[in-house]
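**Student:** Contents of run-v5.cif (mmCIF, C-alpha atoms):
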data_query
loop_
_atom_site.label_atom_id
_atom_site.label_comp_id
_atom_site.auth_asym_id
_atom_site.auth_seq_id
_atom_site.Cartn_x
_atom_site.Cartn_y
_atom_site.Cartn_z
CA MET W 6 0.00 0.00 0.00
CA ALA W 7 1.31 3.44 -0.92
CA ARG W 8 2.56 5.64 1.86
CA LYS W 9 0.64 8.89 2.07
CA PRO W 10 2.61 12.01 1.13
CA ASP W 11 3.85 14.07 4.06
CA LEU W 12 1.45 16.90 4.85
CA ARG W 13 2.00 20.28 6.46
CA ALA W 14 -0.98 22.56 7.02
CA VAL W 15 -1.45 26.20 7.96
CA ASP W 16 -4.98 27.15 9.05
CA GLU W 17 -5.99 30.76 8.38
CA GLY W 18 -9.67 30.65 9.30
CA ASP W 19 -11.65 29.95 6.15
CA ARG W 20 -8.43 29.82 4.10
CA ALA W 21 -5.80 27.10 4.22
CA ARG W 22 -2.32 26.43 2.90
CA LEU W 23 -1.46 22.75 2.59
CA GLU W 24 1.95 21.47 1.59
CA LEU W 25 2.37 17.93 0.30
CA GLU W 26 5.79 16.29 0.04
CA PHE W 27 6.04 13.21 -2.19
CA ASP W 28 8.72 10.60 -1.56
CA GLN W 29 8.93 9.22 -5.12
CA PRO W 30 9.79 12.09 -7.49
CA TYR W 31 9.67 9.88 -10.59
CA LEU W 32 5.87 9.66 -10.19
CA LEU W 33 5.38 13.41 -10.30
CA GLY W 34 5.47 13.69 -14.10
CA PRO W 35 2.44 11.47 -14.66
CA LEU W 36 0.85 12.88 -11.48
CA PHE W 37 1.00 16.47 -12.78
CA GLY W 38 0.31 15.55 -16.43
CA ASP W 39 1.76 17.09 -19.58
CA TYR W 40 2.28 20.82 -19.01
CA ASP W 41 0.73 20.35 -15.54
CA ARG W 42 -2.69 19.77 -17.11
CA HIS W 43 -3.87 17.61 -14.18
CA LEU W 44 -3.00 20.36 -11.72
CA VAL W 45 -4.82 22.88 -13.91
CA MET W 46 -7.93 20.67 -13.93
CA ILE W 47 -7.89 20.51 -10.13
CA GLU W 48 -7.37 24.27 -9.83
CA ASP W 49 -10.23 25.04 -12.23
CA ARG W 50 -12.70 22.63 -10.63
CA LEU W 51 -11.95 23.43 -6.99
CA GLY W 52 -10.96 27.09 -7.18
CA VAL W 53 -7.56 26.60 -5.54
CA ASN W 54 -4.02 27.60 -6.41
CA ILE W 55 -1.43 24.82 -6.74
CA ALA W 56 2.31 25.45 -6.95
CA ALA W 57 4.81 22.61 -7.48
CA ARG W 58 8.47 22.91 -6.54
CA GLY W 59 10.60 19.82 -6.72
CA ASN W 60 8.82 17.05 -4.85
CA ARG W 61 6.61 19.48 -2.94
CA VAL W 62 3.17 20.81 -3.81
CA MET W 63 1.59 23.82 -2.13
CA ILE W 64 -2.21 24.13 -2.21
CA GLU W 65 -3.92 27.40 -1.28
CA GLY W 66 -7.63 28.09 -1.11
CA ASP W 67 -10.62 27.88 1.17
CA ALA W 68 -10.20 25.11 3.71
CA ASP W 69 -12.74 22.70 2.20
CA SER W 70 -11.49 23.07 -1.40
CA ALA W 71 -7.85 22.77 -0.35
CA ALA W 72 -8.66 19.57 1.53
CA ARG W 73 -10.43 18.17 -1.54
CA ALA W 74 -7.46 19.05 -3.74
CA ARG W 75 -5.17 17.30 -1.26
CA ASP W 76 -7.34 14.17 -1.36
CA VAL W 77 -7.39 14.13 -5.16
CA LEU W 78 -3.61 14.49 -5.45
CA THR W 79 -3.05 11.85 -2.78
CA GLY W 80 -5.44 9.45 -4.50
CA LEU W 81 -3.76 9.95 -7.87
CA TYR W 82 -0.32 9.49 -6.35
CA ASN W 83 -1.39 6.26 -4.66
CA ARG W 84 -2.81 4.94 -7.92
CA LEU W 85 0.47 5.62 -9.70
CA ASP W 86 2.41 3.97 -6.89
CA GLN W 87 0.23 0.86 -7.28
CA GLY W 88 1.00 0.67 -11.01
CA HIS W 89 -2.23 2.17 -12.37
CA ASP W 90 -2.27 4.82 -15.09
CA VAL W 91 -3.50 8.34 -14.41
CA ASP W 92 -5.23 10.30 -17.15
CA SER W 93 -7.75 13.13 -17.39
CA ALA W 94 -10.63 10.70 -16.81
CA ALA W 95 -9.04 9.45 -13.59
CA VAL W 96 -8.53 13.03 -12.40
CA GLU W 97 -12.15 13.89 -13.24
CA ALA W 98 -13.38 10.79 -11.41
CA LEU W 99 -11.43 11.58 -8.24
CA LEU W 100 -12.60 15.18 -8.36
CA GLY W 101 -16.16 13.89 -8.29
CA MET W 102 -15.40 11.41 -5.53
CA ALA W 103 -13.64 14.00 -3.38
CA ALA W 104 -16.95 15.79 -2.90
CA GLN W 105 -18.62 12.67 -1.50
CA PRO W 106 -18.34 11.23 2.02
CA ALA W 107 -17.65 7.64 3.04
CA LEU W 108 -15.20 6.75 0.28
CA ASP W 109 -14.17 3.51 2.00
CA GLY W 110 -10.47 4.20 1.59
CA ILE W 111 -10.56 4.72 -2.16
CA ILE W 112 -9.21 8.30 -2.12
CA SER W 113 -6.86 8.67 0.81
CA PRO W 114 -7.07 5.77 3.26
CA GLU W 115 -6.37 6.78 6.83
CA VAL W 116 -5.74 3.26 8.10
CA SER W 117 -3.60 0.48 6.73
CA ASN W 118 -6.48 -2.01 6.57
CA ALA W 119 -8.84 0.25 4.61
CA PRO W 120 -10.73 -1.90 2.08
CA ARG W 121 -9.58 -1.92 -1.52
CA VAL W 122 -11.95 -2.84 -4.31
CA MET W 123 -10.62 -3.86 -7.70
CA ILE W 124 -11.24 -6.29 -10.54
CA ARG W 125 -8.29 -7.96 -12.28
CA THR W 126 -8.60 -9.18 -15.88
CA ARG W 127 -6.01 -10.32 -18.42
CA LYS W 128 -5.53 -6.83 -19.86
CA LYS W 129 -6.18 -4.43 -16.98
CA THR W 130 -6.95 -3.90 -13.33
CA ILE W 131 -10.12 -1.88 -12.77
CA VAL W 132 -10.74 0.29 -9.74
CA PRO W 133 -13.92 2.23 -8.90
CA ARG W 134 -14.34 5.81 -10.07
CA SER W 135 -17.23 6.80 -7.82
CA THR W 136 -18.66 5.79 -4.47
CA ILE W 137 -21.60 4.03 -6.14
CA GLN W 138 -19.15 2.12 -8.35
CA THR W 139 -17.44 1.02 -5.14
CA GLN W 140 -20.74 -0.32 -3.79
CA TYR W 141 -21.50 -1.95 -7.14
CA MET W 142 -18.14 -3.71 -7.35
CA GLU W 143 -18.60 -4.99 -3.80
CA ALA W 144 -22.05 -6.33 -4.75
CA LEU W 145 -20.63 -7.97 -7.89
CA GLY W 146 -18.20 -9.91 -5.75
CA ARG W 147 -20.75 -10.83 -3.08
CA ASP W 148 -24.33 -11.27 -4.27
CA ASP W 149 -26.01 -13.82 -6.54
CA MET W 150 -28.17 -11.33 -8.44
CA ILE W 151 -27.55 -7.62 -8.93
CA PHE W 152 -29.73 -4.97 -10.57
CA ALA W 153 -27.61 -2.05 -11.79
CA LEU W 154 -29.90 0.91 -12.43
CA GLY W 155 -28.99 4.30 -13.85
CA PRO W 156 -27.97 6.39 -16.86
CA ALA W 157 -25.49 5.55 -19.56
CA GLY W 158 -21.84 6.16 -18.82
CA THR W 159 -21.86 5.01 -15.20
CA GLY W 160 -20.03 1.73 -15.86
CA LYS W 161 -22.93 -0.64 -15.18
CA THR W 162 -22.29 -3.07 -18.02
CA TYR W 163 -18.54 -2.51 -18.27
CA LEU W 164 -17.92 -3.44 -14.63
CA ALA W 165 -20.27 -6.42 -14.86
CA VAL W 166 -18.33 -7.75 -17.86
CA ALA W 167 -15.07 -7.16 -16.00
CA GLN W 168 -16.29 -9.18 -12.99
CA ALA W 169 -17.58 -11.90 -15.30
CA VAL W 170 -14.22 -12.18 -17.09
CA ALA W 171 -12.35 -12.22 -13.77
CA MET W 172 -14.53 -15.08 -12.51
CA LEU W 173 -14.17 -16.99 -15.79
CA ILE W 174 -10.36 -16.84 -15.91
CA THR W 175 -10.11 -17.89 -12.25
CA GLY W 176 -12.47 -20.84 -12.74
CA GLN W 177 -15.26 -19.55 -10.49
CA VAL W 178 -17.71 -19.93 -13.38
CA ASP W 179 -17.55 -22.12 -16.47
CA ARG W 180 -19.05 -19.69 -18.97
CA LEU W 181 -20.21 -16.15 -19.64
CA ILE W 182 -23.60 -15.42 -21.12
CA LEU W 183 -24.14 -11.84 -22.28
CA SER W 184 -27.54 -10.83 -23.57
CA ARG W 185 -29.67 -7.84 -24.45
CA PRO W 186 -32.85 -7.11 -26.39
CA ALA W 187 -31.80 -7.21 -30.03
CA VAL W 188 -33.90 -4.20 -30.99
CA GLU W 189 -35.72 -1.62 -28.92
CA ALA W 190 -39.20 -3.10 -29.21
CA GLY W 191 -40.16 -6.66 -29.97
CA GLU W 192 -36.87 -7.90 -31.48
CA ARG W 193 -38.34 -7.70 -34.99
CA LEU W 194 -35.31 -8.82 -36.98
CA GLY W 195 -36.96 -10.13 -40.14
CA PHE W 196 -36.59 -6.90 -42.07
CA LEU W 197 -32.84 -6.72 -41.56
CA PRO W 198 -30.53 -8.26 -44.20
CA GLY W 199 -28.31 -11.27 -43.53
CA ASP W 200 -28.48 -14.38 -41.36
CA MET W 201 -29.44 -14.29 -37.67
CA LYS W 202 -25.89 -13.56 -36.46
CA GLU W 203 -25.50 -10.69 -38.93
CA LYS W 204 -28.87 -9.30 -37.83
CA VAL W 205 -28.24 -9.28 -34.10
CA ASP W 206 -24.49 -8.56 -33.87
CA PRO W 207 -24.83 -4.76 -34.31
CA TYR W 208 -27.13 -4.63 -31.28
CA LEU W 209 -24.68 -6.68 -29.21
CA ARG W 210 -21.59 -4.69 -30.21
CA PRO W 211 -21.22 -2.89 -26.82
CA LEU W 212 -20.84 -6.29 -25.15
CA TYR W 213 -18.13 -7.32 -27.62
CA ASP W 214 -16.34 -4.00 -27.04
CA ALA W 215 -16.26 -4.56 -23.27
CA LEU W 216 -14.93 -8.10 -23.72
CA TYR W 217 -12.12 -6.98 -26.01
CA ASP W 218 -11.14 -4.45 -23.35
CA MET W 219 -10.71 -7.24 -20.78
CA LEU W 220 -9.20 -10.11 -22.80
CA PRO W 221 -6.79 -10.42 -25.74
CA THR W 222 -8.64 -10.64 -29.05
CA GLU W 223 -7.57 -14.23 -29.74
CA GLN W 224 -8.84 -15.35 -26.32
CA VAL W 225 -12.22 -13.72 -26.87
CA GLU W 226 -12.60 -15.38 -30.25
CA ARG W 227 -11.40 -18.77 -28.97
CA ARG W 228 -13.74 -18.70 -25.98
CA ILE W 229 -16.70 -17.66 -28.14
CA ALA W 230 -15.94 -20.51 -30.56
CA SER W 231 -15.73 -23.01 -27.69
CA GLY W 232 -18.97 -21.79 -26.10
CA GLU W 233 -17.31 -20.44 -22.93
CA ILE W 234 -18.56 -17.00 -23.94
CA GLU W 235 -21.99 -16.65 -25.48
CA ILE W 236 -23.42 -13.37 -26.73
CA ALA W 237 -27.03 -13.59 -27.81
CA PRO W 238 -30.33 -11.70 -27.82
CA ILE W 239 -32.68 -12.37 -24.93
CA ALA W 240 -35.01 -14.46 -27.10
CA PHE W 241 -32.30 -17.14 -27.25
CA MET W 242 -32.52 -17.66 -23.48
CA ARG W 243 -35.99 -19.22 -23.53
CA GLY W 244 -36.24 -22.78 -22.22
CA ARG W 245 -32.73 -22.92 -20.74
CA THR W 246 -31.36 -23.36 -17.21
CA LEU W 247 -27.98 -21.66 -16.82
CA ASN W 248 -25.77 -23.35 -14.22
CA ASP W 249 -22.15 -22.42 -13.36
CA ALA W 250 -22.47 -19.24 -15.41
CA PHE W 251 -22.11 -15.49 -15.11
CA ILE W 252 -25.13 -14.03 -16.88
CA ILE W 253 -25.52 -10.38 -17.86
CA LEU W 254 -28.60 -8.72 -19.31
CA ASP W 255 -27.88 -5.29 -20.79
CA GLU W 256 -30.44 -2.63 -21.80
CA ALA W 257 -32.93 -4.41 -19.54
CA GLN W 258 -35.34 -1.46 -19.63
CA ASN W 259 -36.29 -2.56 -23.15
CA THR W 260 -37.64 -5.93 -22.03
CA THR W 261 -41.31 -6.56 -21.37
CA PRO W 262 -42.42 -8.08 -18.03
CA PRO W 263 -42.86 -11.57 -19.60
CA GLN W 264 -39.38 -11.36 -21.15
CA MET W 265 -37.86 -10.28 -17.84
CA LYS W 266 -39.60 -13.07 -15.93
CA MET W 267 -38.37 -15.58 -18.52
CA PHE W 268 -34.82 -14.31 -18.24
CA LEU W 269 -34.69 -14.20 -14.45
CA THR W 270 -36.00 -17.73 -14.16
CA ARG W 271 -33.09 -19.02 -16.30
CA PHE W 272 -30.92 -18.53 -13.19
CA GLY W 273 -29.25 -21.79 -12.23
CA MET W 274 -27.05 -23.28 -9.53
CA ARG W 275 -23.65 -21.69 -8.77
CA SER W 276 -24.42 -18.82 -11.11
CA ARG W 277 -24.41 -15.06 -10.86
CA MET W 278 -26.73 -12.72 -12.75
CA VAL W 279 -26.47 -8.97 -13.39
CA ILE W 280 -29.32 -6.96 -14.90
CA CYS W 281 -28.26 -3.55 -16.24
CA GLY W 282 -30.56 -0.81 -17.42
CA ASP W 283 -31.83 2.75 -17.16
CA PRO W 284 -35.43 2.86 -15.94
CA ASN W 285 -35.80 6.37 -17.39
CA GLN W 286 -34.77 5.46 -20.95
CA THR W 287 -37.15 2.72 -22.08
CA ASP W 288 -37.71 2.56 -25.84
CA LEU W 289 -40.74 0.28 -25.68
CA PRO W 290 -43.87 1.39 -27.54
CA ARG W 291 -46.20 3.66 -25.62
CA GLY W 292 -48.42 1.73 -23.23
CA ILE W 293 -46.07 -1.25 -22.78
CA GLU W 294 -44.60 -1.55 -19.28
CA SER W 295 -40.85 -2.01 -18.90
CA GLY W 296 -39.87 -5.40 -17.53
CA LEU W 297 -37.04 -3.75 -15.62
CA ASN W 298 -39.33 -1.39 -13.71
CA ASP W 299 -41.74 -4.23 -13.01
CA ALA W 300 -38.96 -6.47 -11.68
CA VAL W 301 -37.50 -3.77 -9.43
CA GLU W 302 -40.91 -3.15 -7.91
CA LYS W 303 -41.55 -6.86 -7.30
CA LEU W 304 -38.07 -7.99 -6.15
CA GLU W 305 -36.67 -5.20 -3.99
CA GLY W 306 -35.70 -6.48 -0.56
CA ILE W 307 -35.07 -10.13 -1.45
CA PRO W 308 -31.92 -11.45 0.34
CA LYS W 309 -28.79 -11.94 -1.81
CA LEU W 310 -30.31 -9.66 -4.44
CA SER W 311 -28.81 -6.17 -4.66
CA MET W 312 -30.28 -3.04 -6.20
CA VAL W 313 -27.52 -0.53 -7.03
CA ARG W 314 -28.71 2.86 -8.23
CA PHE W 315 -26.45 5.23 -10.17
CA GLY W 316 -27.10 8.90 -10.83
CA ALA W 317 -25.78 11.65 -13.08
CA ALA W 318 -22.95 12.30 -10.60
CA ASP W 319 -21.64 8.76 -11.27
CA VAL W 320 -21.17 9.25 -15.02
CA VAL W 321 -17.52 8.52 -15.78
CA ARG W 322 -17.46 9.66 -19.39
CA HIS W 323 -16.81 13.27 -20.41
CA PRO W 324 -18.06 15.65 -17.66
CA LEU W 325 -20.51 17.10 -20.18
CA VAL W 326 -22.36 13.76 -20.29
CA GLY W 327 -23.26 14.10 -16.61
CA LYS W 328 -24.61 17.59 -17.24
CA ILE W 329 -26.67 16.33 -20.17
CA VAL W 330 -28.15 13.55 -18.02
CA GLU W 331 -29.03 16.07 -15.32
CA ALA W 332 -30.69 18.34 -17.89
CA TYR W 333 -32.87 15.54 -19.25
CA GLU W 334 -33.74 14.01 -15.87
CA GLY W 335 -33.99 17.15 -13.73
CA PRO W 336 -37.11 18.51 -12.00
CA GLY W 337 -40.14 18.74 -14.21
CA ARG W 338 -38.85 16.25 -16.74
#
Can I see the file as structure tokens?

**Tutor:**
Amino acid sequence: MARKPDLRAVDEGDRARLELEFDQPYLLGPLFGDYDRHLVMIEDRLGVNIAARGNRVMIEGDADSAARARDVLTGLYNRLDQGHDVDSAAVEALLGMAAQPALDGIISPEVSNAPRVMIRTRKKTIVPRSTIQTQYMEALGRDDMIFALGPAGTGKTYLAVAQAVAMLITGQVDRLILSRPAVEAGERLGFLPGDMKEKVDPYLRPLYDALYDMLPTEQVERRIASGEIEIAPIAFMRGRTLNDAFIILDEAQNTTPPQMKMFLTRFGMRSRMVICGDPNQTDLPRGIESGLNDAVEKLEGIPKLSMVRFGAADVVRHPLVGKIVEAYEGPGR
């Protein structure tokens, strides 16, 4: 575990001057970013002044903002020390997390046994970028069935695929089954050209993209060919019982209640199931109830079944995406 940078603080009422001293100067280049762009991002977002001299960083600003800037820099430094990359997205994520309480040791752990949450795959190690992602990753490692609810860009499907791959390569499950409604309403594929695979693959592309981010291309293709990884529209799940599998349903808001019931009852022994969707973005025809909303209403509170709810603040894409989500889902919408 990374040792926290040395800290000296001067309290001037509502203002504060904090000085951080880092013990590994070779990490400061990636910590600060090209032309100090990471420091500039922190200054702009938190309204503080940051000056770097050698292995020391001085932060000046109101006490709360200076403390947040300290936490962000410490979190970034610890990530670098643990071998993780730091980019603008990581800085933006920690800026968002610094404003939230109860970070469970993700930003700047105060005790040596603070919990660490991560998912290791063949190509990368994934750590949470928001407090809700922390809760979600804990649920993925603990519970048999998880509903991940919230807007696009919060990592619902990506983290589920990461956990699925991690459990596959360690032998905790025998296969991965990734599914989603093939089209927004009714899975009417007959008007599309090509055979069934050519018809449905464009709708399943986000699942392929996540897989290729976790495993080398040749492994993905080999495991798909062997049946260890199956990517199929939800209609292909009918009549099956899925044992020893990690099962993910994406875009679940576009299922009907009968489809959702069919899918949930495919759950077999020694399996794990994750249902991802945005209850506010259903594309079903007017008058048809979303199977996701129906399931959440019926199943909330069942033991070993988690409901994890993301919001606009948890969007980990470009900061503008979070603002767009807030604009569309704000009061009166």

**Student:** Rounded to one decimal, what separation in Å do you get between atom CA of Asp148 of chain W and atom CA of Met278 of chain W?

**Tutor:**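 These atoms are spaced 8.9 Å apart.
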
**Student:** Measure the distance from atom CA of Leu85 of chain W to atom CA of Gly38 of chain W in Å and round it to one decimal.

**Tutor:** 12.0 Å

**Student:** From the list W:Asn298, W:Gln29, W:Asn248, W:Asn259, which residue is nearest Tyr82 of chain W when using all atoms listed in the file?

**Tutor:**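 Smallest distance to Tyr82 of chain W is found for W:Gln29.
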
**Student:** Measuring atom to atom with only C-alpha atoms, identify which of W:Leu78, W:Ile329, W:Val320, W:Ala21 is nearest to Ala98 of chain W.

**Tutor:**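 Between W:Leu78, W:Ile329, W:Val320, W:Ala21, the residue approaching Ala98 of chain W most closely is W:Val320.
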
**Student:** One number please: atom CA of Asp249 of chain W to atom CA of Ala169 of chain W, in Å, one decimal.

**Tutor:**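 Here the two named atoms are 11.6 Å from each other.
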
**Student:** Enumerate, as a PyMOL selection string, the residues matched when the PyMOL selection byres ((chain W and resi 300-304) around 12) is run on the file above.

**Tutor:** chain W and resi 150-154+257-258+260-270+280-284+294-299+305-314

**Student:** Run the PyMOL selection byres ((chain W and resi 64) around 7) mentally over the shown coordinates, then write out the matched residues as a PyMOL selection string, using the chain letters and numbers from the document.

**Tutor:** chain W and resi 22-24+53-56+62-63+65-66+71

**Student:** If the PyMOL selection byres ((chain W and resi 183) around 9) is run on the structure shown, which residues does it catch, given as a PDB file with C-alpha atoms, in the frame of the given file?

**Tutor:**
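Writing the result to result.pdb gives the following:
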ATOM      1  CA  VAL W 166     -18.330  -7.750 -17.860  1.00  0.00           C
ATOM      2  CA  LEU W 181     -20.210 -16.150 -19.640  1.00  0.00           C
ATOM      3  CA  ILE W 182     -23.600 -15.420 -21.120  1.00  0.00           C
ATOM      4  CA  SER W 184     -27.540 -10.830 -23.570  1.00  0.00           C
ATOM      5  CA  ARG W 185     -29.670  -7.840 -24.450  1.00  0.00           C
ATOM      6  CA  LEU W 209     -24.680  -6.680 -29.210  1.00  0.00           C
ATOM      7  CA  LEU W 212     -20.840  -6.290 -25.150  1.00  0.00           C
ATOM      8  CA  ILE W 234     -18.560 -17.000 -23.940  1.00  0.00           C
ATOM      9  CA  GLU W 235     -21.990 -16.650 -25.480  1.00  0.00           C
ATOM     10  CA  ILE W 236     -23.420 -13.370 -26.730  1.00  0.00           C
ATOM     11  CA  ALA W 237     -27.030 -13.590 -27.810  1.00  0.00           C
ATOM     12  CA  PRO W 238     -30.330 -11.700 -27.820  1.00  0.00           C
ATOM     13  CA  ILE W 239     -32.680 -12.370 -24.930  1.00  0.00           C
ATOM     14  CA  PHE W 251     -22.110 -15.490 -15.110  1.00  0.00           C
ATOM     15  CA  ILE W 252     -25.130 -14.030 -16.880  1.00  0.00           C
ATOM     16  CA  ILE W 253     -25.520 -10.380 -17.860  1.00  0.00           C
ATOM     17  CA  LEU W 254     -28.600  -8.720 -19.310  1.00  0.00           C
ATOM     18  CA  ASP W 255     -27.880  -5.290 -20.790  1.00  0.00           C
TER      19      ASP W 255
END

**Student:** I'd like to know which of W:Leu173, W:Leu216, W:Ala157, W:Val122 is closest to Gln140 of chain W, using all atoms listed in the file.

**Tutor:**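 Using all atoms listed in the file, Gln140 of chain W sits closest to W:Val122.
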
**Student:** Report as a list in words all protein, DNA and RNA residues lying within 8 Å of segment 271-275 of chain W, evaluated on all atoms listed in the file, omitting residues in the same chain fewer than 5 positions from it.

**Tutor:** Val178, Met242, Arg243, Gly244, Arg245, Thr246, Leu247, Asn248, Asp249 and Ala250 of chain W

**Student:** Between W:Ser93, W:Thr139, W:Gln87, W:Thr222, which has the minimum distance to Ile47 of chain W (counting all atoms listed in the file)?

**Tutor:**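 Between W:Ser93, W:Thr139, W:Gln87, W:Thr222, the residue approaching Ile47 of chain W most closely is W:Ser93.
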
**Student:** Choose the residue, out of W:Arg210, W:Arg42, W:Arg228, W:Arg291, that has the smallest atom-to-atom separation from Asp179 of chain W; count all atoms listed in the file.

**Tutor:**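 The shortest atom-to-atom distance to Asp179 of chain W comes from W:Arg228.
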
**Student:** Using only C-alpha atoms, which of the listed residues (W:Met123, W:Thr159, W:Glu143, W:Gly52) sits closest to Asp67 of chain W?

**Tutor:**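 Counting only C-alpha atoms, the residue closest to Asp67 of chain W is W:Gly52.
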